[in-house]
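Step one of this worksheet: look at the structure below.
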Amino acid sequence: MVWWQDEEFNAYLKRFGEHDGMNSHRRWMVLQLARLVASVPGDTAECGVYLGSSSYLICTATQTERRRTHFLFDSFEGLSEPSTVDGPCWQRGDLRCSVEAVRSKLNGNISFHPGWIPQRFDDVRDRRFAFVHIDVDLYQPTRDSIEFFYPRTTTGGIIVCDDYGFMTCPGATKAVDDFLSDKPEKMIILPCGGGFLIKDVATELTPRTIFSD
């Protein structure tokens, strides 16, 4: 693949310690999806920041011409307590990272909102969004995130769920499917993991419907 040789992207992977990891395909996809909202009005947000690697890409792709603010929501204390629907993979406190560690790696017009989701969402209640990245692994924070940001995403805006379709994150997948059950949009599942929707662009069939008898 040509993008394997992209010098700037490889420098980014090294900056966040992911050059030899398993996430490079998903990171590249986030960068490409964020490019699609160049002409879409609104700010950007990430729920579940961890080391800030996705936020870095979102800012890189979306803060070039249009003036935007990127809002970051995270407990910065790791995951909350998983429920039974979340399976056995996660424990409370997993994926902990400090605000200072993230701030040191990000540039651009950014705004930090530390706290358990959805406690700080009211800070942006009157904002509209062109791109939202949800990466909180568990059912309840995923459900809280998509419920809040879906009605505030402008037409043509994109919502990405990093955890969608992963067997290690059954709660996140269920949260998205439950919320979208009566919505015209459905998640487009990516082969590298995760999924996305485009606001106000209807998806007629889910993959399970397409391949069912």
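Residues are named by chain letter and number: chains run A, B, ... in the order of the structure tokens, numbers start at 1 in each chain, and ligands are numbered from 1 in the order shown.
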Would you pick out the contacts of Pro114 of chain A at 9 Å or less, using only C-alpha atoms, so that residues sharing its chain but fewer than 2 positions from it are not included, and give the list as a tab-separated table (two decimals) with N, CA and C atoms, in the first residue's frame?
chain	number	residue	atom	x	y	z
A	72	LEU	N	-12.30	17.59	23.63
A	72	LEU	CA	-11.87	16.28	24.10
A	72	LEU	C	-12.57	15.93	25.42
A	73	PHE	N	-13.25	14.78	25.44
A	73	PHE	CA	-13.97	14.32	26.62
A	73	PHE	C	-13.39	12.98	27.07
A	74	ASP	N	-12.97	12.94	28.31
A	74	ASP	CA	-12.39	11.72	28.85
A	74	ASP	C	-12.32	11.86	30.37
A	75	SER	N	-12.47	10.73	31.07
A	75	SER	CA	-12.30	10.77	32.52
A	75	SER	C	-10.85	11.03	32.91
A	76	PHE	N	-9.94	10.60	32.02
A	76	PHE	CA	-8.50	10.60	32.30
A	76	PHE	C	-8.19	9.79	33.56
A	99	VAL	N	-4.21	14.05	31.54
A	99	VAL	CA	-4.45	15.20	30.67
A	99	VAL	C	-3.11	15.76	30.19
A	112	PHE	N	-10.10	20.85	26.46
A	112	PHE	CA	-10.19	19.65	27.28
A	112	PHE	C	-11.37	19.75	28.24
A	116	TRP	N	-16.23	12.08	33.87
A	116	TRP	CA	-16.89	10.86	33.40
A	116	TRP	C	-18.00	11.23	32.41
A	117	ILE	N	-18.01	10.54	31.30
A	117	ILE	CA	-19.07	10.75	30.31
A	117	ILE	C	-20.40	10.31	30.91
A	119	GLN	N	-20.85	13.69	31.96
A	119	GLN	CA	-20.93	14.82	32.89
A	119	GLN	C	-20.60	16.16	32.25
A	120	ARG	N	-19.64	16.20	31.32
A	120	ARG	CA	-19.19	17.48	30.77
A	120	ARG	C	-19.81	17.83	29.42
Would you please give, as a PyMOL selection string, all residues of chain A that DSSP assigns to helix (DSSP H, G or I) based on the backbone?
chain A and resi 2-5+7-15+24-35+53-62+84-86+99-103+121-124+139-152+170-180+207-210
Based on the selection just made, write C-alpha atoms of those residues as a JSON list (two decimals), in the first residue's frame.
[["chain", "number", "residue", "atom", "x", "y", "z"],
["A", 2, "VAL", "CA", 1.28, 3.45, -0.91],
["A", 3, "TRP", "CA", 0.23, 4.92, 2.43],
["A", 4, "TRP", "CA", 2.65, 2.59, 4.21],
["A", 5, "GLN", "CA", 5.40, 4.79, 2.78],
["A", 7, "GLU", "CA", 6.52, 9.92, 5.65],
["A", 8, "GLU", "CA", 4.24, 12.25, 7.61],
["A", 9, "PHE", "CA", 1.93, 9.45, 8.64],
["A", 10, "ASN", "CA", 4.82, 7.25, 9.72],
["A", 11, "ALA", "CA", 6.22, 10.14, 11.76],
["A", 12, "TYR", "CA", 2.80, 10.44, 13.40],
["A", 13, "LEU", "CA", 2.77, 6.70, 14.25],
["A", 14, "LYS", "CA", 6.19, 7.02, 15.86],
["A", 15, "ARG", "CA", 5.08, 10.14, 17.78],
["A", 24, "SER", "CA", -2.24, 1.84, 11.87],
["A", 25, "HIS", "CA", -5.03, 0.86, 9.43],
["A", 26, "ARG", "CA", -7.70, 2.34, 11.70],
["A", 27, "ARG", "CA", -5.69, 5.50, 12.26],
["A", 28, "TRP", "CA", -5.28, 5.98, 8.51],
["A", 29, "MET", "CA", -9.04, 5.51, 8.05],
["A", 30, "VAL", "CA", -9.81, 8.17, 10.68],
["A", 31, "LEU", "CA", -7.59, 10.59, 8.79],
["A", 32, "GLN", "CA", -9.34, 9.84, 5.50],
["A", 33, "LEU", "CA", -12.84, 10.11, 6.97],
["A", 34, "ALA", "CA", -12.02, 13.41, 8.63],
["A", 35, "ARG", "CA", -11.03, 14.80, 5.24],
["A", 53, "SER", "CA", -3.60, 9.82, 18.68],
["A", 54, "SER", "CA", -7.01, 10.07, 17.00],
["A", 55, "SER", "CA", -7.51, 13.66, 18.13],
["A", 56, "TYR", "CA", -4.17, 14.53, 16.53],
["A", 57, "LEU", "CA", -5.38, 13.20, 13.18],
["A", 58, "ILE", "CA", -8.77, 14.90, 13.46],
["A", 59, "CYS", "CA", -7.12, 18.27, 14.08],
["A", 60, "THR", "CA", -4.62, 17.68, 11.28],
["A", 61, "ALA", "CA", -7.40, 16.99, 8.77],
["A", 62, "THR", "CA", -10.04, 19.51, 9.86],
["A", 84, "THR", "CA", -22.29, -7.66, 31.95],
["A", 85, "VAL", "CA", -23.07, -6.68, 28.35],
["A", 86, "ASP", "CA", -19.48, -5.48, 27.91],
["A", 99, "VAL", "CA", -4.45, 15.20, 30.67],
["A", 100, "GLU", "CA", -0.85, 16.46, 30.72],
["A", 101, "ALA", "CA", 0.42, 13.51, 28.67],
["A", 102, "VAL", "CA", -2.21, 14.12, 26.01],
["A", 103, "ARG", "CA", -1.83, 17.89, 25.96],
["A", 121, "PHE", "CA", -21.32, 17.28, 27.63],
["A", 122, "ASP", "CA", -23.39, 20.26, 28.74],
["A", 123, "ASP", "CA", -20.27, 22.37, 28.10],
["A", 124, "VAL", "CA", -20.98, 22.04, 24.35],
["A", 139, "TYR", "CA", -22.00, 0.17, 26.42],
["A", 140, "GLN", "CA", -23.14, 3.04, 28.61],
["A", 141, "PRO", "CA", -20.60, 5.73, 27.70],
["A", 142, "THR", "CA", -20.97, 4.79, 24.03],
["A", 143, "ARG", "CA", -24.76, 5.12, 24.29],
["A", 144, "ASP", "CA", -24.46, 8.42, 26.17],
["A", 145, "SER", "CA", -22.04, 9.76, 23.55],
["A", 146, "ILE", "CA", -24.03, 8.91, 20.45],
["A", 147, "GLU", "CA", -27.29, 10.08, 22.05],
["A", 148, "PHE", "CA", -25.77, 13.47, 22.76],
["A", 149, "PHE", "CA", -23.81, 14.08, 19.57],
["A", 150, "TYR", "CA", -26.15, 12.57, 16.97],
["A", 151, "PRO", "CA", -28.72, 15.42, 17.10],
["A", 152, "ARG", "CA", -25.88, 17.98, 17.17],
["A", 170, "PRO", "CA", -19.83, -6.08, 22.38],
["A", 171, "GLY", "CA", -21.34, -3.40, 24.57],
["A", 172, "ALA", "CA", -20.19, -0.56, 22.31],
["A", 173, "THR", "CA", -21.59, -2.31, 19.24],
["A", 174, "LYS", "CA", -24.91, -2.95, 20.96],
["A", 175, "ALA", "CA", -25.13, 0.64, 22.18],
["A", 176, "VAL", "CA", -24.81, 1.99, 18.65],
["A", 177, "ASP", "CA", -27.23, -0.54, 17.15],
["A", 178, "ASP", "CA", -29.78, 0.11, 19.89],
["A", 179, "PHE", "CA", -29.65, 3.86, 19.34],
["A", 180, "LEU", "CA", -29.79, 3.66, 15.54],
["A", 207, "PRO", "CA", -24.71, -6.43, 6.70],
["A", 208, "ARG", "CA", -26.69, -8.93, 8.79],
["A", 209, "THR", "CA", -29.81, -8.13, 6.77],
["A", 210, "ILE", "CA", -27.99, -8.40, 3.46]]
What lies within 9 Å of segment 157-168 of chain A using only C-alpha atoms, ignoring chain neighbours under 5 positions off, as a ChimeraX atom specification?
/A:26,30,33-34,36-37,40-42,86-90,129-138,142,146,149-150,173-174,176,187,189-190,193-200
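Going from atom CA of His70 of chain A over to atom CA of Thr154 of chain A, you cover 15.3 Å.
Near Asp94 of chain A, within a cut-off of 9 Å and counting only C-alpha atoms, sit the residues A:Glu77, A:Gly78, A:Leu79, A:Ser80, with same-chain residues fewer than 5 positions away left out.
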Shortest interatomic distance to Lys105 of chain A - which of A:Gly52, A:Pro118, A:Gly156, A:Gly17, counting only C-alpha atoms
A:Gly52
All strand (DSSP E) residues (DSSP, backbone) inside chain A, as number ranges by chain:
A: 43-47, 70-74, 110-114, 129-134, 153-161, 188-189, 195-198
